[in-house]
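Read through the structure below, which is laid out as structure tokens, and then see the notes.
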Amino acid sequence: MMANILDGIVLGLQFGLLAAGLTLIYGLGGVLNLGYGQMAVTSAMTVAFALDADIPILPAVGLGLLAGGLFGLLLDLTLLRPVYRLRGEARVLLSLLLTLGVSFIIDGYLNWRYPLKALSLHIGGGAVEILGVLMRRGSLVASGITLVTITGLFVFFRYTSLGRAIRSVIENEDGARLIGIDPKKMLRLILVLSGVLAALVAVTRSMVAPVDTTSGLSITVFALIVTVVGGLGNVAGALIAGIILGIVNIVAADLIGSYISLILLLVAAGVTILIRPAGILGVRE
Amino acid sequence: MLEVNGLSAGYQGNDVVHDVAFRVDQGEAVMIIGSNGAGKTTLFQTLCGLLSPTSGKVLFEGDDIAGLPAERIARLGMRFVSAARHLFPRMTVEEHLLLGAYPKKPDPETMTLVLDLFPRLAERRRQRAGTMSGGEQQMLAVGRALMSKPRLLVLDEPSTGLAPLLARAAYEALGVLRERGLTVLVTEQQVPLAMAFSDRGYVLENGFIRLEGTTDQLAANPAVRSAYLGVT
């Protein structure tokens, strides 16, 4: 049981970080990015090909993060242009359709050209005992990187003027404009950041389990469920929801099977919408 | 400092304000009064860039800013405090004030000035804006605008939602800022408050400027007296 909970926390931290990237774009720009998982997969494949080309692991990972960031920037500069001209529900719907299209194209291309390609990073060294449970070193490194990133995000949003400016756009877009903050620039920045986060999740995930060309959809679905439970646009909520659902997922998969555990996650999201529509930390304003 | 000429604006092709012209000189306090629905808020939203004008010019320090987006106008040194206040509910008082100076570093002297002017904000530095009273929110909206050291402060109905005592206190604070040389443009429904504060004024009716003059001239005008000052 303890082992399951620890594994759940490892997964949950990644869920949380994953959802943070998705929820930020939604909160900031009303854009729902269904190509999010493909951002992660594209980055993972970049790392895998870099490793094939004998590039050492750290620069290879750097290239992967760069690929994620560029993916976000490209979305902002091209496909999302028409989306930004719309407002409200129309904006959400168009962004959802266009990014879904992107996800199909990327999935289709990768599965056609590189059906067997997968990224799996092996972290050397033996298992480490934590709370009486033997944990793989890869899980611990992955969790460490994820925790550091989460802390970094927290510091960025709370204590830097750029981070505060981004939050102000989420809180009240017109209010932000009236004090000289350009929401479009902030959204572009967040798209790049979310791409980097997706890449980071893909890289850390590959230390625990292989990330292959078909992983995109499940990554998007997990991020979406965690985002709903955490509250759309709420980063702290996403992190907490990620950890809870990570534990639920692993424990349920172990006790009743992994297909059922995915259904359980969906049920959790449904129940959250019914009883706390603004998410577990949400406050209706 | 601000010169508006032939400005028309509205929503979805229906103009609400028509061919409006007025000016605000350096160091002046100018009021625009009018009843509910006269077009004051539409006019001000157009000035600050939240709405695009259908025609006309808005010269701010000689440059035409009509149609520029709000974030550009704010950076030019004209700050707008709307009746809706547009605060960030989950952010603290201190975060609002720091953001007011964005992208520059907040100036400690200006911070001291704002906190001296509104001691309530100093007491509530760590409180979230969404949990504050209407009066405190109004102070915060003005304080946030001041942090950027604006050359022109534009206020849309600063007394909205405030008890009479608080509304008077708000205008007292604005009076202090005027003495320090701030140029102010204000709309107000509670005309006596704005009259006591301003040098000159314009009367907006059904989207047209009907009257203009010094506050003394306007206060002596029988039409203004009966319509806005409750004197018959």
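Ligands are numbered from 1 in the order shown, residues from 1 within each chain, and chains are lettered A, B, ... in the order they appear in the structure tokens.
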
Write out as a PyMOL selection string every residue belonging to chain A that has an atom at most 10 Å from any atom of chain B, counting only C-alpha atoms. chain A and resi 158-159+161-162+164-165+167-183+283+285

For segment 194-220 of chain B versus segment 22-31 of chain B, which residues have an atom no more than 9 Å away, and what is each residue's nearest atom pair and distance in Å rounded to one decimal, using only C-alpha atoms, chain-then-number order, as a Markdown table?
| residue | atom | partner | partner_atom | distance |
| --- | --- | --- | --- | --- |
| B:Ala194 | CA | B:Met31 | CA | 6.5 |
| B:Met195 | CA | B:Met31 | CA | 7.6 |
| B:Phe197 | CA | B:Ala29 | CA | 7.3 |
| B:Ser198 | CA | B:Ala29 | CA | 4.7 |
| B:Asp199 | CA | B:Ala29 | CA | 5.4 |
| B:Arg200 | CA | B:Val30 | CA | 5.0 |
| B:Gly201 | CA | B:Met31 | CA | 4.6 |
| B:Tyr202 | CA | B:Met31 | CA | 6.4 |
| B:Val203 | CA | B:Met31 | CA | 8.5 |
| B:Ile209 | CA | B:Phe22 | CA | 8.5 |
| B:Glu212 | CA | B:Phe22 | CA | 8.8 |
| B:Thr215 | CA | B:Met31 | CA | 8.8 |

Filtered DSSP result for segment 77-213 of chain B, state strand (DSSP E or B), as a list of chain:residue names: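 In segment 77-213 of chain B, DSSP puts these residues in strand (DSSP E or B): B:Met78, B:Arg79, B:Phe80, B:Val81, B:Thr92, B:Arg128, B:Leu152, B:Leu153, B:Val154, B:Leu155, B:Asp156, B:Thr183, B:Val184, B:Leu185, B:Val186, B:Thr187, B:Glu188, B:Arg200, B:Gly201, B:Tyr202, B:Val203, B:Leu204, B:Glu205, B:Phe208, B:Ile209, B:Arg210, B:Leu211, B:Glu212, B:Gly213.
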
Using only N, CA and C atoms, please write the residues we just selected to a file, as a compact mmCIF listing (two decimals), in the first residue's frame.
# COMPACT_ATOMS: atom_id res chain seq x y z
N MET B 78 -1.34 58.14 -19.14
CA MET B 78 -2.72 58.50 -18.85
C MET B 78 -3.36 57.28 -18.20
N ARG B 79 -3.75 57.41 -16.95
CA ARG B 79 -4.27 56.24 -16.23
C ARG B 79 -5.75 56.42 -15.93
N PHE B 80 -6.48 55.34 -16.15
CA PHE B 80 -7.92 55.35 -16.05
C PHE B 80 -8.36 54.51 -14.85
N VAL B 81 -9.20 55.10 -14.00
CA VAL B 81 -9.78 54.33 -12.90
C VAL B 81 -11.27 54.23 -13.19
N THR B 92 -3.18 40.51 -3.54
CA THR B 92 -3.19 41.35 -2.34
C THR B 92 -3.05 42.83 -2.71
N ARG B 128 -6.52 40.28 0.38
CA ARG B 128 -6.88 40.14 -1.03
C ARG B 128 -7.94 41.16 -1.40
N LEU B 152 -1.77 62.23 -16.30
CA LEU B 152 -3.20 62.55 -16.30
C LEU B 152 -3.95 61.38 -15.66
N LEU B 153 -4.75 61.69 -14.64
CA LEU B 153 -5.56 60.65 -13.99
C LEU B 153 -7.00 60.84 -14.44
N VAL B 154 -7.60 59.80 -14.98
CA VAL B 154 -8.96 59.86 -15.48
C VAL B 154 -9.83 58.98 -14.59
N LEU B 155 -10.83 59.58 -13.96
CA LEU B 155 -11.64 58.84 -12.99
C LEU B 155 -13.09 58.78 -13.46
N ASP B 156 -13.62 57.56 -13.54
CA ASP B 156 -15.02 57.39 -13.90
C ASP B 156 -15.84 57.19 -12.64
N THR B 183 -2.90 66.37 -12.81
CA THR B 183 -4.01 66.77 -13.68
C THR B 183 -5.08 65.68 -13.63
N VAL B 184 -6.34 66.10 -13.45
CA VAL B 184 -7.40 65.12 -13.25
C VAL B 184 -8.60 65.41 -14.17
N LEU B 185 -9.12 64.35 -14.76
CA LEU B 185 -10.39 64.43 -15.49
C LEU B 185 -11.35 63.46 -14.80
N VAL B 186 -12.55 63.95 -14.46
CA VAL B 186 -13.44 63.11 -13.66
C VAL B 186 -14.88 63.20 -14.19
N THR B 187 -15.58 62.05 -14.20
CA THR B 187 -17.03 62.12 -14.43
C THR B 187 -17.68 61.86 -13.08
N GLU B 188 -18.86 62.40 -12.92
CA GLU B 188 -19.52 62.21 -11.64
C GLU B 188 -21.02 62.39 -11.79
N ARG B 200 -13.05 73.42 -14.02
CA ARG B 200 -13.97 73.64 -15.13
C ARG B 200 -14.80 72.39 -15.31
N GLY B 201 -15.85 72.52 -16.14
CA GLY B 201 -16.68 71.35 -16.36
C GLY B 201 -17.43 71.41 -17.67
N TYR B 202 -17.91 70.23 -18.06
CA TYR B 202 -18.74 70.09 -19.26
C TYR B 202 -19.97 69.30 -18.86
N VAL B 203 -21.10 69.61 -19.51
CA VAL B 203 -22.32 68.86 -19.24
C VAL B 203 -22.63 68.00 -20.45
N LEU B 204 -22.72 66.69 -20.22
CA LEU B 204 -22.99 65.74 -21.29
C LEU B 204 -24.45 65.29 -21.18
N GLU B 205 -25.20 65.46 -22.28
CA GLU B 205 -26.60 65.03 -22.28
C GLU B 205 -26.89 64.26 -23.54
N PHE B 208 -24.25 64.30 -26.21
CA PHE B 208 -23.72 65.56 -26.73
C PHE B 208 -23.24 66.44 -25.57
N ILE B 209 -22.18 67.23 -25.82
CA ILE B 209 -21.78 68.24 -24.83
C ILE B 209 -22.73 69.43 -24.99
N ARG B 210 -23.50 69.74 -23.94
CA ARG B 210 -24.49 70.80 -24.04
C ARG B 210 -23.99 72.12 -23.49
N LEU B 211 -23.15 72.04 -22.47
CA LEU B 211 -22.72 73.25 -21.78
C LEU B 211 -21.27 73.08 -21.37
N GLU B 212 -20.57 74.21 -21.25
CA GLU B 212 -19.25 74.14 -20.66
C GLU B 212 -18.97 75.44 -19.95
N GLY B 213 -18.02 75.41 -19.02
CA GLY B 213 -17.68 76.64 -18.32
C GLY B 213 -16.90 76.33 -17.07

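The closest residue to Phe118 of chain B, picked from B:Pro164, B:Gly143, B:Gly134, B:Gly67 and counting only C-alpha atoms, is B:Gly143.
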
Nearest to Phe104 of chain A by atom-to-atom distance, counting only C-alpha atoms, from A:Ser120, A:Asn4, A:Ser261, A:Thr214: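 Nearest to Phe104 of chain A: A:Thr214.
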
Could you tell me how far atom CA of Asp107 of chain B lies from atom CA of Thr160 of chain A, in Å and to one decimal? 15.7 Å

Could you pull out all residues of segment 32-158 of chain A with a DSSP call of helix (DSSP H, G or I) and give them as a PyMOL selection string? chain A and resi 36-52+57-77+81-84+88-113+137-158

In Å, with one decimal, what is the gap from atom CA of Ile219 of chain A to atom CA of Leu140 of chain A? 20.5 Å

Hey, can you check how far atom CA of Gln189 of chain B sits from atom CA of Asn14 of chain B?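 Separating atom CA of Gln189 of chain B from atom CA of Asn14 of chain B is a distance of 23.6 Å.
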
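Checking A:Phe156, A:Tyr36, A:Phe49, A:Trp112 one by one against Leu63 of chain A, counting only C-alpha atoms, you find the shortest gap at A:Phe49.
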
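Ranking A:Ile243, A:Leu94, A:Ala252, A:Leu58 by their shortest atom-to-atom distance to Met1 of chain A, with only C-alpha atoms included, puts A:Ala252 first.
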
Fewer than 5 positions away in the same chain doesn't count, so skip those; otherwise give me all residues within 8 Å of Ser52 of chain B, counting only C-alpha atoms, as a short mmCIF file (atom, residue, chain, number, x, y, z; two decimals) with C-alpha atoms, in the first residue's frame.
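File produced: around_10.cif:
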data_model
loop_
_atom_site.label_atom_id
_atom_site.label_comp_id
_atom_site.auth_asym_id
_atom_site.auth_seq_id
_atom_site.Cartn_x
_atom_site.Cartn_y
_atom_site.Cartn_z
CA ALA B 9 -18.20 56.24 -30.19
CA THR B 46 -13.14 55.31 -25.52
CA ALA B 66 -7.64 57.63 -30.60
CA GLY B 67 -8.01 53.92 -31.31
CA LEU B 68 -4.79 52.84 -29.58
#

Polymer residues at most 12 Å from Ala198 of chain A, only C-alpha atoms, same-chain spacing of 3 or more positions, as a PyMOL selection string: chain A and resi 14-22+33+35-44+64-72+146+149+190-195+201-205+216+219-220+223

Limited to N, CA and C atoms, could you put the picked residues into a file as a tab-separated table (two decimals), in the first residue's frame?
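Writing the result to out.tsv gives the following:
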chain	number	residue	atom	x	y	z
A	14	GLN	N	3.72	14.77	-11.43
A	14	GLN	CA	3.79	14.99	-12.87
A	14	GLN	C	2.44	15.40	-13.44
A	15	PHE	N	1.39	14.74	-12.95
A	15	PHE	CA	0.03	15.16	-13.34
A	15	PHE	C	-0.16	16.65	-13.06
A	16	GLY	N	0.26	17.05	-11.86
A	16	GLY	CA	0.06	18.43	-11.43
A	16	GLY	C	0.77	19.41	-12.34
A	17	LEU	N	2.01	19.11	-12.65
A	17	LEU	CA	2.80	19.99	-13.51
A	17	LEU	C	2.19	20.04	-14.91
A	18	LEU	N	1.74	18.87	-15.36
A	18	LEU	CA	1.10	18.75	-16.66
A	18	LEU	C	-0.13	19.66	-16.72
A	19	ALA	N	-0.95	19.54	-15.68
A	19	ALA	CA	-2.19	20.31	-15.66
A	19	ALA	C	-1.91	21.80	-15.52
A	20	ALA	N	-0.82	22.15	-14.82
A	20	ALA	CA	-0.50	23.57	-14.65
A	20	ALA	C	-0.32	24.23	-16.01
A	21	GLY	N	0.36	23.55	-16.92
A	21	GLY	CA	0.59	24.12	-18.25
A	21	GLY	C	-0.71	24.33	-19.01
A	22	LEU	N	-1.63	23.39	-18.86
A	22	LEU	CA	-2.90	23.47	-19.59
A	22	LEU	C	-3.81	24.54	-18.98
A	33	ASN	N	-6.04	23.82	-25.10
A	33	ASN	CA	-5.07	23.23	-26.03
A	33	ASN	C	-5.13	21.71	-26.00
A	35	GLY	N	-3.85	19.82	-28.13
A	35	GLY	CA	-2.61	19.27	-28.69
A	35	GLY	C	-1.51	19.23	-27.64
A	36	TYR	N	-1.90	19.42	-26.39
A	36	TYR	CA	-0.93	19.51	-25.31
A	36	TYR	C	-0.07	18.24	-25.18
A	37	GLY	N	-0.74	17.08	-25.23
A	37	GLY	CA	-0.01	15.81	-25.13
A	37	GLY	C	0.98	15.64	-26.27
A	38	GLN	N	0.59	16.14	-27.46
A	38	GLN	CA	1.48	16.02	-28.61
A	38	GLN	C	2.68	16.96	-28.47
A	39	MET	N	2.49	18.07	-27.75
A	39	MET	CA	3.63	18.92	-27.42
A	39	MET	C	4.65	18.10	-26.65
A	40	ALA	N	4.15	17.35	-25.66
A	40	ALA	CA	5.03	16.54	-24.82
A	40	ALA	C	5.70	15.45	-25.66
A	41	VAL	N	4.91	14.79	-26.50
A	41	VAL	CA	5.45	13.68	-27.30
A	41	VAL	C	6.50	14.19	-28.30
A	42	THR	N	6.19	15.32	-28.96
A	42	THR	CA	7.15	15.89	-29.91
A	42	THR	C	8.48	16.18	-29.21
A	43	SER	N	8.40	16.72	-28.00
A	43	SER	CA	9.63	17.00	-27.25
A	43	SER	C	10.36	15.71	-26.92
A	44	ALA	N	9.59	14.70	-26.48
A	44	ALA	CA	10.22	13.41	-26.13
A	44	ALA	C	10.93	12.82	-27.35
A	64	GLY	N	15.07	19.07	-26.23
A	64	GLY	CA	13.67	18.68	-26.06
A	64	GLY	C	12.85	19.82	-25.47
A	65	LEU	N	13.42	20.49	-24.44
A	65	LEU	CA	12.70	21.62	-23.82
A	65	LEU	C	12.53	22.74	-24.84
A	66	LEU	N	13.59	22.96	-25.64
A	66	LEU	CA	13.53	24.00	-26.67
A	66	LEU	C	12.42	23.67	-27.67
A	67	ALA	N	12.34	22.39	-28.04
A	67	ALA	CA	11.31	21.97	-29.00
A	67	ALA	C	9.92	22.26	-28.44
A	68	GLY	N	9.72	21.95	-27.14
A	68	GLY	CA	8.43	22.23	-26.51
A	68	GLY	C	8.09	23.71	-26.55
A	69	GLY	N	9.07	24.54	-26.18
A	69	GLY	CA	8.86	25.99	-26.18
A	69	GLY	C	8.54	26.51	-27.57
A	70	LEU	N	9.29	26.01	-28.57
A	70	LEU	CA	9.06	26.45	-29.95
A	70	LEU	C	7.67	26.05	-30.44
A	71	PHE	N	7.26	24.85	-30.04
A	71	PHE	CA	5.93	24.36	-30.39
A	71	PHE	C	4.88	25.37	-29.90
A	72	GLY	N	5.02	25.78	-28.64
A	72	GLY	CA	4.08	26.75	-28.07
A	72	GLY	C	4.12	28.07	-28.82
A	146	THR	N	10.59	17.48	-10.85
A	146	THR	CA	9.23	18.03	-10.88
A	146	THR	C	9.01	18.99	-9.70
A	149	THR	N	10.76	22.24	-10.21
A	149	THR	CA	10.05	23.05	-11.21
A	149	THR	C	8.81	23.69	-10.60
A	190	ILE	N	3.14	32.45	-21.98
A	190	ILE	CA	2.61	31.29	-21.29
A	190	ILE	C	2.54	30.09	-22.23
A	191	LEU	N	2.29	30.33	-23.51
A	191	LEU	CA	2.29	29.21	-24.46
A	191	LEU	C	3.67	28.59	-24.57
A	192	VAL	N	4.69	29.45	-24.58
A	192	VAL	CA	6.07	28.95	-24.60
A	192	VAL	C	6.34	28.17	-23.30
A	193	LEU	N	5.94	28.78	-22.17
A	193	LEU	CA	6.17	28.12	-20.88
A	193	LEU	C	5.46	26.78	-20.82
A	194	SER	N	4.22	26.71	-21.30
A	194	SER	CA	3.48	25.45	-21.22
A	194	SER	C	4.14	24.40	-22.10
A	195	GLY	N	4.70	24.82	-23.23
A	195	GLY	CA	5.42	23.88	-24.08
A	195	GLY	C	6.63	23.30	-23.36
A	201	VAL	N	7.67	17.31	-18.46
A	201	VAL	CA	6.90	16.17	-17.99
A	201	VAL	C	7.23	14.94	-18.82
A	202	ALA	N	7.34	15.13	-20.13
A	202	ALA	CA	7.66	13.99	-21.00
A	202	ALA	C	9.01	13.40	-20.62
A	203	VAL	N	9.99	14.26	-20.39
A	203	VAL	CA	11.33	13.79	-20.05
A	203	VAL	C	11.34	13.07	-18.70
A	204	THR	N	10.71	13.67	-17.69
A	204	THR	CA	10.72	13.02	-16.37
A	204	THR	C	9.88	11.74	-16.40
A	205	ARG	N	8.77	11.78	-17.17
A	205	ARG	CA	7.94	10.57	-17.27
A	205	ARG	C	8.75	9.41	-17.85
A	216	GLY	N	0.46	10.74	-26.61
A	216	GLY	CA	-0.10	12.09	-26.59
A	216	GLY	C	-1.50	12.19	-26.05
A	219	ILE	N	-1.84	11.69	-22.32
A	219	ILE	CA	-1.29	12.83	-21.58
A	219	ILE	C	-2.30	13.98	-21.56
A	220	THR	N	-2.89	14.28	-22.72
A	220	THR	CA	-3.88	15.35	-22.77
A	220	THR	C	-5.08	15.03	-21.88
A	223	ALA	N	-4.19	15.45	-18.24
A	223	ALA	CA	-4.04	16.88	-17.92
A	223	ALA	C	-5.41	17.54	-17.82

Which residue, A:Leu274, A:Val10, A:Val102, A:Val211, has the smallest gap to Val228 of chain A when you use only C-alpha atoms?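 The shortest atom-to-atom distance to Val228 of chain A comes from A:Leu274.
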
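Near Gly13 of chain B, within 12 Å and counting only C-alpha atoms, sit Leu51, Ser52, Pro53, Thr54 and Ser55 of chain B; same-chain residues fewer than 6 positions away were not included.
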
For a quick check of understanding, using only C-alpha atoms, which of B:Val191, B:Ala21, B:Leu59, B:Leu146 has the smallest distance to Leu97 of chain B?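 Result for the nearest residue to Leu97 of chain B: B:Leu146.
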